[in-house]
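Participant: Here's a structure for you.
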Amino acid sequence: MSIALAQHYVETLLTEALPSNRIYHNLQHTRTVVQAVEKIASAMEISSQSKEIILLAAWFHDTGHTQVFEGHEAVSQEIAWHFLKVQAYETNVLQQIIDCIGATKMPQTPQNSLEAVFFLLLWRQL
């Protein structure tokens, strides 16, 4: 799957469904996070699949804000799962994307190196 397809989906979702009171967790924030993740991930020695996983997690990490503020991480995971499942991602890859999004929930508890990398890249932008 092309990351561009996920980008289009998330940009449309955030543009059309994000409540107007989301001043920080908005489309610009998401784009900034994705750009930073892409830049840093490109400089790291990680596989192309790991890079794709953390980029997709970056695109979807705040999509839950379209429905809730507290607990948005779980909703973001659901949104990502439903969209990416239709794109025929293998379950193990899809689960890694979902787990990276979950690793951002406070208190943050990354369970593996990929989640830790995503968490650190994301929080570097806050």
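By order of appearance in the structure tokens: chains A, B, ..., then residues from 1 within every chain, and ligands from 1 in the order shown.
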Near Val68 (chain A), counting only C-alpha atoms, which residues have an atom at most 12 Å away, once you skip same-chain residues fewer than 2 positions from it, shown as a PDB file with C-alpha atoms, in the first residue's frame?

Facilitator:
```
ATOM      1  CA  ALA A  17     -14.422  15.470  11.157  1.00  0.00           C
ATOM      2  CA  LEU A  18     -12.038  17.134  13.609  1.00  0.00           C
ATOM      3  CA  PRO A  19     -13.882  19.324  16.142  1.00  0.00           C
ATOM      4  CA  ASN A  21     -11.750  23.048  19.501  1.00  0.00           C
ATOM      5  CA  ARG A  22      -8.764  20.825  18.643  1.00  0.00           C
ATOM      6  CA  HIS A  25      -3.960  18.001  17.725  1.00  0.00           C
ATOM      7  CA  ASP A  62      -4.268  11.443  16.506  1.00  0.00           C
ATOM      8  CA  THR A  63      -7.200  10.468  14.281  1.00  0.00           C
ATOM      9  CA  GLY A  64      -9.141   9.490  17.395  1.00  0.00           C
ATOM     10  CA  HIS A  65      -9.442  13.187  18.197  1.00  0.00           C
ATOM     11  CA  THR A  66     -12.180  13.248  15.562  1.00  0.00           C
ATOM     12  CA  GLU A  70      -9.580  11.462  26.421  1.00  0.00           C
ATOM     13  CA  GLY A  71      -8.857   8.000  25.173  1.00  0.00           C
ATOM     14  CA  HIS A  72      -8.207   9.170  21.641  1.00  0.00           C
ATOM     15  CA  GLU A  73      -5.345   6.689  21.304  1.00  0.00           C
ATOM     16  CA  ALA A  74      -7.709   3.697  21.412  1.00  0.00           C
ATOM     17  CA  VAL A  75     -10.005   5.325  18.871  1.00  0.00           C
ATOM     18  CA  SER A  76      -6.986   6.155  16.686  1.00  0.00           C
TER      19      SER A  76
END
```

Participant: For region 21-41 of chain A against region 48-57 of chain A, with a cut-off of 12 Å and counting only C-alpha atoms, what is the closest atom pair and its distance in Å to one decimal for every residue that makes the cut, ordered by chain and number, as JSON lines?

Facilitator:
```
{"residue": "A:Thr30", "atom": "CA", "partner": "A:Ala57", "partner_atom": "CA", "distance": 10.5}
{"residue": "A:Arg31", "atom": "CA", "partner": "A:Leu55", "partner_atom": "CA", "distance": 10.7}
{"residue": "A:Thr32", "atom": "CA", "partner": "A:Leu55", "partner_atom": "CA", "distance": 11.8}
{"residue": "A:Val33", "atom": "CA", "partner": "A:Leu55", "partner_atom": "CA", "distance": 9.1}
{"residue": "A:Val34", "atom": "CA", "partner": "A:Leu55", "partner_atom": "CA", "distance": 6.3}
{"residue": "A:Gln35", "atom": "CA", "partner": "A:Leu55", "partner_atom": "CA", "distance": 8.9}
{"residue": "A:Ala36", "atom": "CA", "partner": "A:Leu55", "partner_atom": "CA", "distance": 9.7}
{"residue": "A:Val37", "atom": "CA", "partner": "A:Leu55", "partner_atom": "CA", "distance": 6.6}
{"residue": "A:Glu38", "atom": "CA", "partner": "A:Leu55", "partner_atom": "CA", "distance": 6.6}
{"residue": "A:Lys39", "atom": "CA", "partner": "A:Leu55", "partner_atom": "CA", "distance": 10.3}
{"residue": "A:Ile40", "atom": "CA", "partner": "A:Lys51", "partner_atom": "CA", "distance": 9.8}
{"residue": "A:Ala41", "atom": "CA", "partner": "A:Lys51", "partner_atom": "CA", "distance": 6.2}
```

Participant: Those same residues, written as a PDB file, in the first residue's frame with C-alpha atoms?

Facilitator:
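Wrote it out as out-v6.pdb, contents follow:
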```
ATOM      1  CA  THR A  30      -0.048  15.487  12.172  1.00  0.00           C
ATOM      2  CA  ARG A  31       1.820  16.697   9.089  1.00  0.00           C
ATOM      3  CA  THR A  32       4.619  18.081  11.269  1.00  0.00           C
ATOM      4  CA  VAL A  33       4.943  14.774  13.126  1.00  0.00           C
ATOM      5  CA  VAL A  34       4.971  12.786   9.881  1.00  0.00           C
ATOM      6  CA  GLN A  35       7.639  15.028   8.352  1.00  0.00           C
ATOM      7  CA  ALA A  36       9.840  14.705  11.428  1.00  0.00           C
ATOM      8  CA  VAL A  37       9.349  10.941  11.629  1.00  0.00           C
ATOM      9  CA  GLU A  38      10.155  10.580   7.934  1.00  0.00           C
ATOM     10  CA  LYS A  39      13.284  12.713   8.175  1.00  0.00           C
ATOM     11  CA  ILE A  40      14.674  10.982  11.242  1.00  0.00           C
ATOM     12  CA  ALA A  41      13.623   7.487  10.181  1.00  0.00           C
TER      13      ALA A  41
END
```

Participant: Please run DSSP on the backbone and report, as a PDB file with C-alpha atoms, in the first residue's frame, all residues within chain A that come out as alpha helix (DSSP H).

Facilitator:
```
ATOM      1  CA  ILE A   3       1.523   5.754   2.361  1.00  0.00           C
ATOM      2  CA  ALA A   4      -0.027   8.403   0.111  1.00  0.00           C
ATOM      3  CA  LEU A   5      -3.368   6.567   0.329  1.00  0.00           C
ATOM      4  CA  ALA A   6      -3.259   6.682   4.136  1.00  0.00           C
ATOM      5  CA  GLN A   7      -2.185  10.320   3.974  1.00  0.00           C
ATOM      6  CA  HIS A   8      -5.174  11.203   1.807  1.00  0.00           C
ATOM      7  CA  TYR A   9      -7.555   9.316   4.089  1.00  0.00           C
ATOM      8  CA  VAL A  10      -6.224  10.947   7.272  1.00  0.00           C
ATOM      9  CA  GLU A  11      -6.075  14.425   5.763  1.00  0.00           C
ATOM     10  CA  THR A  12      -9.686  14.100   4.616  1.00  0.00           C
ATOM     11  CA  LEU A  13     -10.800  12.692   7.975  1.00  0.00           C
ATOM     12  CA  LEU A  14      -9.107  15.430   9.990  1.00  0.00           C
ATOM     13  CA  THR A  15     -10.335  18.168   7.649  1.00  0.00           C
ATOM     14  CA  GLU A  16     -13.938  16.986   7.692  1.00  0.00           C
ATOM     15  CA  ALA A  17     -14.422  15.470  11.157  1.00  0.00           C
ATOM     16  CA  LEU A  27      -3.914  18.303  10.610  1.00  0.00           C
ATOM     17  CA  GLN A  28      -0.913  20.641  10.818  1.00  0.00           C
ATOM     18  CA  HIS A  29       0.352  18.832  13.922  1.00  0.00           C
ATOM     19  CA  THR A  30      -0.048  15.487  12.172  1.00  0.00           C
ATOM     20  CA  ARG A  31       1.820  16.697   9.089  1.00  0.00           C
ATOM     21  CA  THR A  32       4.619  18.081  11.269  1.00  0.00           C
ATOM     22  CA  VAL A  33       4.943  14.774  13.126  1.00  0.00           C
ATOM     23  CA  VAL A  34       4.971  12.786   9.881  1.00  0.00           C
ATOM     24  CA  GLN A  35       7.639  15.028   8.352  1.00  0.00           C
ATOM     25  CA  ALA A  36       9.840  14.705  11.428  1.00  0.00           C
ATOM     26  CA  VAL A  37       9.349  10.941  11.629  1.00  0.00           C
ATOM     27  CA  GLU A  38      10.155  10.580   7.934  1.00  0.00           C
ATOM     28  CA  LYS A  39      13.284  12.713   8.175  1.00  0.00           C
ATOM     29  CA  ILE A  40      14.674  10.982  11.242  1.00  0.00           C
ATOM     30  CA  ALA A  41      13.623   7.487  10.181  1.00  0.00           C
ATOM     31  CA  SER A  42      15.377   8.000   6.848  1.00  0.00           C
ATOM     32  CA  ALA A  43      18.592   8.797   8.692  1.00  0.00           C
ATOM     33  CA  SER A  48      11.819  -0.108   4.869  1.00  0.00           C
ATOM     34  CA  GLN A  49       8.995  -2.052   6.520  1.00  0.00           C
ATOM     35  CA  SER A  50       9.796  -0.564   9.958  1.00  0.00           C
ATOM     36  CA  LYS A  51       9.896   2.892   8.397  1.00  0.00           C
ATOM     37  CA  GLU A  52       6.505   2.286   6.777  1.00  0.00           C
ATOM     38  CA  ILE A  53       5.079   1.078  10.108  1.00  0.00           C
ATOM     39  CA  ILE A  54       6.139   4.177  12.024  1.00  0.00           C
ATOM     40  CA  LEU A  55       5.072   6.512   9.212  1.00  0.00           C
ATOM     41  CA  LEU A  56       1.607   4.959   9.165  1.00  0.00           C
ATOM     42  CA  ALA A  57       1.459   5.174  12.954  1.00  0.00           C
ATOM     43  CA  ALA A  58       2.385   8.855  12.647  1.00  0.00           C
ATOM     44  CA  TRP A  59      -0.417   9.513  10.170  1.00  0.00           C
ATOM     45  CA  PHE A  60      -3.033   7.786  12.318  1.00  0.00           C
ATOM     46  CA  HIS A  72      -8.207   9.170  21.641  1.00  0.00           C
ATOM     47  CA  GLU A  73      -5.345   6.689  21.304  1.00  0.00           C
ATOM     48  CA  ALA A  74      -7.709   3.697  21.412  1.00  0.00           C
ATOM     49  CA  VAL A  75     -10.005   5.325  18.871  1.00  0.00           C
ATOM     50  CA  SER A  76      -6.986   6.155  16.686  1.00  0.00           C
ATOM     51  CA  GLN A  77      -6.042   2.482  16.844  1.00  0.00           C
ATOM     52  CA  GLU A  78      -9.546   1.454  15.752  1.00  0.00           C
ATOM     53  CA  ILE A  79      -9.564   3.927  12.872  1.00  0.00           C
ATOM     54  CA  ALA A  80      -6.148   2.739  11.693  1.00  0.00           C
ATOM     55  CA  TRP A  81      -7.121  -0.929  12.063  1.00  0.00           C
ATOM     56  CA  HIS A  82     -10.283  -0.560   9.988  1.00  0.00           C
ATOM     57  CA  PHE A  83      -8.640   1.468   7.237  1.00  0.00           C
ATOM     58  CA  LEU A  84      -5.464  -0.601   6.983  1.00  0.00           C
ATOM     59  CA  LYS A  85      -7.281  -3.943   7.201  1.00  0.00           C
ATOM     60  CA  VAL A  86      -9.178  -2.996   4.043  1.00  0.00           C
ATOM     61  CA  THR A  91      -2.160  -8.941  10.635  1.00  0.00           C
ATOM     62  CA  ASN A  92       1.306  -8.938  12.224  1.00  0.00           C
ATOM     63  CA  VAL A  93       2.301  -5.709  10.433  1.00  0.00           C
ATOM     64  CA  LEU A  94      -1.055  -4.130  11.225  1.00  0.00           C
ATOM     65  CA  GLN A  95      -0.629  -5.044  14.880  1.00  0.00           C
ATOM     66  CA  GLN A  96       2.778  -3.346  14.960  1.00  0.00           C
ATOM     67  CA  ILE A  97       1.218  -0.129  13.632  1.00  0.00           C
ATOM     68  CA  ILE A  98      -1.562  -0.348  16.222  1.00  0.00           C
ATOM     69  CA  ASP A  99       0.973  -1.032  18.979  1.00  0.00           C
ATOM     70  CA  CYS A 100       3.048   2.016  17.995  1.00  0.00           C
ATOM     71  CA  ILE A 101      -0.050   4.200  18.291  1.00  0.00           C
ATOM     72  CA  GLY A 102      -0.833   2.597  21.660  1.00  0.00           C
ATOM     73  CA  SER A 113      12.337  -1.051  19.994  1.00  0.00           C
ATOM     74  CA  LEU A 114      10.019  -0.050  17.153  1.00  0.00           C
ATOM     75  CA  GLU A 115       7.420   1.316  19.575  1.00  0.00           C
ATOM     76  CA  ALA A 116      10.186   3.104  21.483  1.00  0.00           C
ATOM     77  CA  VAL A 117      11.525   4.699  18.291  1.00  0.00           C
ATOM     78  CA  PHE A 118       8.047   5.882  17.323  1.00  0.00           C
ATOM     79  CA  PHE A 119       7.336   7.151  20.814  1.00  0.00           C
ATOM     80  CA  LEU A 120      10.605   9.106  20.951  1.00  0.00           C
ATOM     81  CA  LEU A 121      10.104  10.569  17.495  1.00  0.00           C
ATOM     82  CA  LEU A 122       6.554  11.609  18.318  1.00  0.00           C
ATOM     83  CA  TRP A 123       7.307  13.148  21.686  1.00  0.00           C
ATOM     84  CA  ARG A 124      10.245  15.016  20.229  1.00  0.00           C
TER      85      ARG A 124
END
```

Participant: By how many Å are CA of Ser2 (chain A) and CA of Gln111 (chain A) apart?

Facilitator: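 Computing it gives 26.6 Å between the two atoms.
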
Participant: What gap, in Å, lies between CA of Thr109 (chain A) and CA of Phe69 (chain A)?

Facilitator: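 CA of Thr109 (chain A) sits 19.8 Å away from CA of Phe69 (chain A).
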